[in-house]
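Chemist: To start, I am sharing the structure in question, which I have written as structure tokens.
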Amino acid sequence: DAGITQSPRHKVTETGTPVTLRCHQTENHRYMYWYRQDPGHGLRLIHYSYGVKDTDKGEVSDGYSVSRSKTEDFLLTLESATSSQTSVYFCAISEGQLNQPQHFGDGTRLSIL
Amino acid sequence: KQEVTQIPAALSVPEGENLVLNCSFTDSAIYNLQWFRQDPGKGLTSLLLIQSSQREQTSGRLNASLDKSSGRSTLYIAASQPGDSATYLCAAEETSGSRLTFGEGTQLTVNP
């Protein structure tokens with residue numbers, strides 16, 4: 001298995017609180033991604049990074065920010081959590097080269113009450 | 001905007017049956033097409049990746065095909081086993097290192 005660790009694995013918090021999810025990789029891959037998975041929508045890209053301090057928005061980026069200060073860590077922050085952000089969040093990594101798939105972490109289940 | 005559709009949404013088969021899962025995409029200008037497996041409460045496991053210039057890829061009992069002109073990919077599972085029960089997802093990659101656009105998946109149950 002690709003060396004991807006997501007933390008925390010589960011979190012319950014209240015509306016309006018800030019939340020930060022962490023993705024840590026040991027593969028030294030260039031690209032890192034944050035997706036959310038919801039019934040009826042499948043997996044959707046939130047943000048991704050193509051290098052240290054280089055990030056870009058995905059299709060559902062509103063309400064989320066990211067930071068990547070080191071190759072191995074990619075943080076996803078919900079500045080003021082809302083109930084619509086209750087979801088399962090997955091981090092993925094890739095080398096970004098032809099013929100190399102993305103590898104996924106085990107996910108973080110986030111509930112916002 | 002790329003859209004990916006998977007049919008059927010759910011499939012239940014007896015053990016030993018050969019089966020086909022379908023994936024269609026609207027924009028044929030893809031970089032590659034990836035198939036994943038997801039077990040309940042787990043992340044996604046990569047099964048097969050088909051480059052845009054390829055027609056098919058095989059791994060053990062799995063064979064995936066790609067027809068860019070028609071916007072279709074299929075995942076063929078031979079001699080299905082109860083351990084194959086999972087949700088299977090296909091995803092299209094736009095360019096190298098870019099986003100994956102996922103279908104909603106096919107939930108497969110293989111009955112002993």
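Identifiers in this document derive from the order of the structure tokens: chains are assigned A, B, ..., residues are numbered from 1 separately in each chain, and ligands are numbered from 1 in order of occurrence.
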Within 10 Å of chain B, which residues belong to chain A? Use only C-alpha atoms and report them as a PyMOL selection string.
Modeler: chain A and resi 1-2+30-35+37-50+56-59+88-109
Chemist: Just to be explicit: take each residue in the selection above, keep N, CA and C atoms, and write the result as a CSV table (one decimal), in the first residue's frame.
Modeler:
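Heads up, here's the output in again07.csv:
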chain,number,residue,atom,x,y,z
A,1,ASP,N,0.8,-1.2,0.0
A,1,ASP,CA,0.0,0.0,0.0
A,1,ASP,C,0.9,1.3,0.0
A,2,ALA,N,0.4,2.3,-0.8
A,2,ALA,CA,1.1,3.5,-0.8
A,2,ALA,C,1.1,4.1,0.6
A,30,ARG,N,4.9,14.1,-6.2
A,30,ARG,CA,4.7,15.5,-6.5
A,30,ARG,C,3.3,16.0,-6.3
A,31,TYR,N,2.3,15.2,-6.7
A,31,TYR,CA,1.0,15.7,-6.7
A,31,TYR,C,0.2,15.1,-5.5
A,32,MET,N,-0.6,16.0,-4.9
A,32,MET,CA,-1.5,15.6,-3.8
A,32,MET,C,-2.9,16.2,-4.0
A,33,TYR,N,-3.9,15.5,-3.6
A,33,TYR,CA,-5.3,15.8,-3.9
A,33,TYR,C,-6.2,15.7,-2.7
A,34,TRP,N,-7.2,16.5,-2.6
A,34,TRP,CA,-8.3,16.3,-1.6
A,34,TRP,C,-9.6,16.1,-2.4
A,35,TYR,N,-10.3,15.0,-2.1
A,35,TYR,CA,-11.6,14.8,-2.7
A,35,TYR,C,-12.6,14.6,-1.5
A,37,GLN,N,-16.4,12.6,-0.8
A,37,GLN,CA,-17.3,11.6,-1.4
A,37,GLN,C,-18.7,11.7,-0.7
A,38,ASP,N,-19.7,11.8,-1.5
A,38,ASP,CA,-21.1,12.0,-1.0
A,38,ASP,C,-22.0,11.1,-1.8
A,39,PRO,N,-23.0,10.6,-1.2
A,39,PRO,CA,-24.0,9.8,-1.9
A,39,PRO,C,-24.7,10.6,-3.0
A,40,GLY,N,-24.8,10.1,-4.2
A,40,GLY,CA,-25.4,10.8,-5.3
A,40,GLY,C,-24.5,11.7,-6.0
A,41,HIS,N,-23.3,11.9,-5.5
A,41,HIS,CA,-22.3,12.7,-6.2
A,41,HIS,C,-21.0,12.0,-6.5
A,42,GLY,N,-20.7,10.9,-5.9
A,42,GLY,CA,-19.5,10.3,-6.1
A,42,GLY,C,-18.3,11.1,-5.5
A,43,LEU,N,-17.1,10.9,-6.0
A,43,LEU,CA,-16.0,11.6,-5.5
A,43,LEU,C,-15.8,12.9,-6.3
A,44,ARG,N,-15.6,14.0,-5.6
A,44,ARG,CA,-15.4,15.3,-6.3
A,44,ARG,C,-14.1,15.9,-5.8
A,45,LEU,N,-13.4,16.5,-6.7
A,45,LEU,CA,-12.1,17.2,-6.3
A,45,LEU,C,-12.3,18.5,-5.6
A,46,ILE,N,-11.7,18.7,-4.5
A,46,ILE,CA,-11.8,20.0,-3.7
A,46,ILE,C,-10.6,20.9,-4.1
A,47,HIS,N,-9.4,20.5,-3.9
A,47,HIS,CA,-8.2,21.2,-4.2
A,47,HIS,C,-7.1,20.2,-4.5
A,48,TYR,N,-6.1,20.6,-5.3
A,48,TYR,CA,-4.9,19.7,-5.4
A,48,TYR,C,-3.7,20.6,-5.4
A,49,SER,N,-2.5,19.9,-5.3
A,49,SER,CA,-1.2,20.5,-5.2
A,49,SER,C,-0.3,19.8,-6.2
A,50,TYR,N,0.5,20.6,-6.9
A,50,TYR,CA,1.4,20.1,-7.9
A,50,TYR,C,2.9,20.4,-7.5
A,56,ASP,N,-4.1,24.4,-6.5
A,56,ASP,CA,-5.1,24.9,-7.5
A,56,ASP,C,-6.5,24.4,-7.0
A,57,LYS,N,-7.5,25.0,-7.5
A,57,LYS,CA,-8.9,24.7,-7.1
A,57,LYS,C,-9.4,23.5,-7.9
A,58,GLY,N,-10.3,22.7,-7.2
A,58,GLY,CA,-11.1,21.7,-7.9
A,58,GLY,C,-12.5,22.2,-8.2
A,59,GLU,N,-13.4,21.3,-8.4
A,59,GLU,CA,-14.8,21.7,-8.7
A,59,GLU,C,-15.6,22.1,-7.5
A,88,VAL,N,-17.2,12.3,3.7
A,88,VAL,CA,-16.0,11.5,3.8
A,88,VAL,C,-14.9,12.2,2.9
A,89,TYR,N,-13.8,12.5,3.5
A,89,TYR,CA,-12.7,13.2,2.7
A,89,TYR,C,-11.6,12.2,2.5
A,90,PHE,N,-11.2,12.2,1.2
A,90,PHE,CA,-10.1,11.4,0.8
A,90,PHE,C,-8.9,12.2,0.3
A,91,CYS,N,-7.7,11.8,0.7
A,91,CYS,CA,-6.5,12.4,0.2
A,91,CYS,C,-5.9,11.4,-0.9
A,92,ALA,N,-5.4,11.9,-1.9
A,92,ALA,CA,-4.7,11.0,-2.9
A,92,ALA,C,-3.4,11.6,-3.3
A,93,ILE,N,-2.5,10.7,-3.8
A,93,ILE,CA,-1.2,11.2,-4.3
A,93,ILE,C,-0.9,10.6,-5.7
A,94,SER,N,-0.1,11.2,-6.4
A,94,SER,CA,0.4,10.6,-7.7
A,94,SER,C,1.7,11.2,-8.1
A,95,GLU,N,2.4,10.5,-8.9
A,95,GLU,CA,3.7,11.1,-9.4
A,95,GLU,C,3.4,12.0,-10.6
A,96,GLY,N,2.2,11.9,-11.2
A,96,GLY,CA,1.9,12.8,-12.3
A,96,GLY,C,2.5,12.4,-13.6
A,97,GLN,N,2.9,11.2,-13.7
A,97,GLN,CA,3.5,10.7,-14.9
A,97,GLN,C,2.5,9.8,-15.6
A,98,LEU,N,2.6,9.6,-16.9
A,98,LEU,CA,1.8,8.7,-17.7
A,98,LEU,C,1.9,7.3,-17.1
A,99,ASN,N,0.8,6.6,-17.0
A,99,ASN,CA,0.8,5.3,-16.6
A,99,ASN,C,0.9,5.1,-15.1
A,100,GLN,N,0.8,6.2,-14.3
A,100,GLN,CA,0.8,6.1,-12.9
A,100,GLN,C,-0.5,6.5,-12.3
A,101,PRO,N,-1.2,5.6,-11.6
A,101,PRO,CA,-2.5,5.9,-11.0
A,101,PRO,C,-2.4,6.7,-9.8
A,102,GLN,N,-3.5,7.3,-9.4
A,102,GLN,CA,-3.6,8.0,-8.1
A,102,GLN,C,-3.7,6.9,-7.0
A,103,HIS,N,-3.1,7.2,-5.9
A,103,HIS,CA,-3.3,6.3,-4.7
A,103,HIS,C,-4.0,7.0,-3.6
A,104,PHE,N,-4.9,6.3,-2.9
A,104,PHE,CA,-5.8,7.0,-2.0
A,104,PHE,C,-5.5,6.6,-0.5
A,105,GLY,N,-5.7,7.5,0.4
A,105,GLY,CA,-5.7,7.2,1.8
A,105,GLY,C,-7.0,6.5,2.2
A,106,ASP,N,-7.2,6.2,3.5
A,106,ASP,CA,-8.4,5.5,4.0
A,106,ASP,C,-9.5,6.4,4.3
A,107,GLY,N,-9.3,7.7,4.2
A,107,GLY,CA,-10.4,8.7,4.4
A,107,GLY,C,-10.6,9.2,5.8
A,108,THR,N,-11.2,10.3,5.9
A,108,THR,CA,-11.6,11.0,7.2
A,108,THR,C,-13.1,11.2,7.1
A,109,ARG,N,-13.8,10.6,8.1
A,109,ARG,CA,-15.2,10.8,8.2
A,109,ARG,C,-15.5,12.0,9.0
Chemist: Please extract the residues of chain B with a backbone DSSP assignment of strand (DSSP E or B) and present them as a ChimeraX atom specification.
Modeler: /B:4-7,10-14,19-25,32-38,44-51,56-59,62-67,72-77,86-93,100-102,106-111
Chemist: Do you know which residues are at most 8 Å from A:Asp73 counting only C-alpha atoms, after dropping those on the same chain fewer than 6 positions away, and could you put them as a list in words?
Modeler: Arg22, Cys23, His24 and Gln25 of chain A
Chemist: Using only C-alpha atoms, please write the residues we just selected to a file, as a PDB file, in the first residue's frame.
Modeler:
ATOM      1  CA  ARG A  22      -4.044  16.365   7.450  1.00  0.00           C
ATOM      2  CA  CYS A  23      -2.647  14.124   4.741  1.00  0.00           C
ATOM      3  CA  HIS A  24       0.868  12.784   5.129  1.00  0.00           C
ATOM      4  CA  GLN A  25       2.729  10.777   2.473  1.00  0.00           C
TER       5      GLN A  25
END
Chemist: With a distance cut-off of 7 Å and only C-alpha atoms, select the neighbouring residues of A:Ser67, excluding the residue or stretch itself and same-chain residues fewer than 3 positions from it, and output the selection as a compact mmCIF listing (two decimals) with all heavy atoms, in the first residue's frame.
Modeler:
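result-v4.txt written:
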# COMPACT_ATOMS: atom_id res chain seq x y z
N LYS A 53 3.91 24.64 -2.01
CA LYS A 53 3.31 25.96 -2.15
C LYS A 53 2.56 26.18 -3.46
O LYS A 53 2.09 27.29 -3.74
CB LYS A 53 4.36 27.06 -1.97
CG LYS A 53 4.92 27.15 -0.56
CD LYS A 53 5.85 28.33 -0.42
CE LYS A 53 6.30 28.62 0.98
NZ LYS A 53 6.41 27.58 1.93
N PHE A 74 -0.12 17.74 3.20
CA PHE A 74 -1.12 18.55 2.49
C PHE A 74 -2.29 18.72 3.45
O PHE A 74 -2.91 17.73 3.85
CB PHE A 74 -1.54 17.83 1.20
CG PHE A 74 -2.32 18.65 0.23
CD1 PHE A 74 -2.12 20.02 0.09
CD2 PHE A 74 -3.26 18.06 -0.61
CE1 PHE A 74 -2.83 20.77 -0.83
CE2 PHE A 74 -3.97 18.79 -1.54
CZ PHE A 74 -3.76 20.14 -1.65
N LEU A 75 -2.56 19.95 3.83
CA LEU A 75 -3.59 20.24 4.82
C LEU A 75 -4.83 20.81 4.15
O LEU A 75 -4.73 21.66 3.26
CB LEU A 75 -3.08 21.24 5.85
CG LEU A 75 -1.81 20.88 6.61
CD1 LEU A 75 -1.45 21.98 7.61
CD2 LEU A 75 -1.97 19.55 7.32
N LEU A 76 -5.99 20.36 4.61
CA LEU A 76 -7.27 20.88 4.15
C LEU A 76 -7.95 21.56 5.33
O LEU A 76 -8.12 20.93 6.38
CB LEU A 76 -8.15 19.75 3.62
CG LEU A 76 -9.57 20.13 3.18
CD1 LEU A 76 -9.52 20.95 1.89
CD2 LEU A 76 -10.43 18.88 2.96
Chemist: What's the 8 Å shell around stretch 4-17 of chain B, counting only C-alpha atoms, without same-chain residues fewer than 2 positions away, as a PyMOL selection string?
Modeler: chain B and resi 2+19+21-26+78-82+89-92+101-112
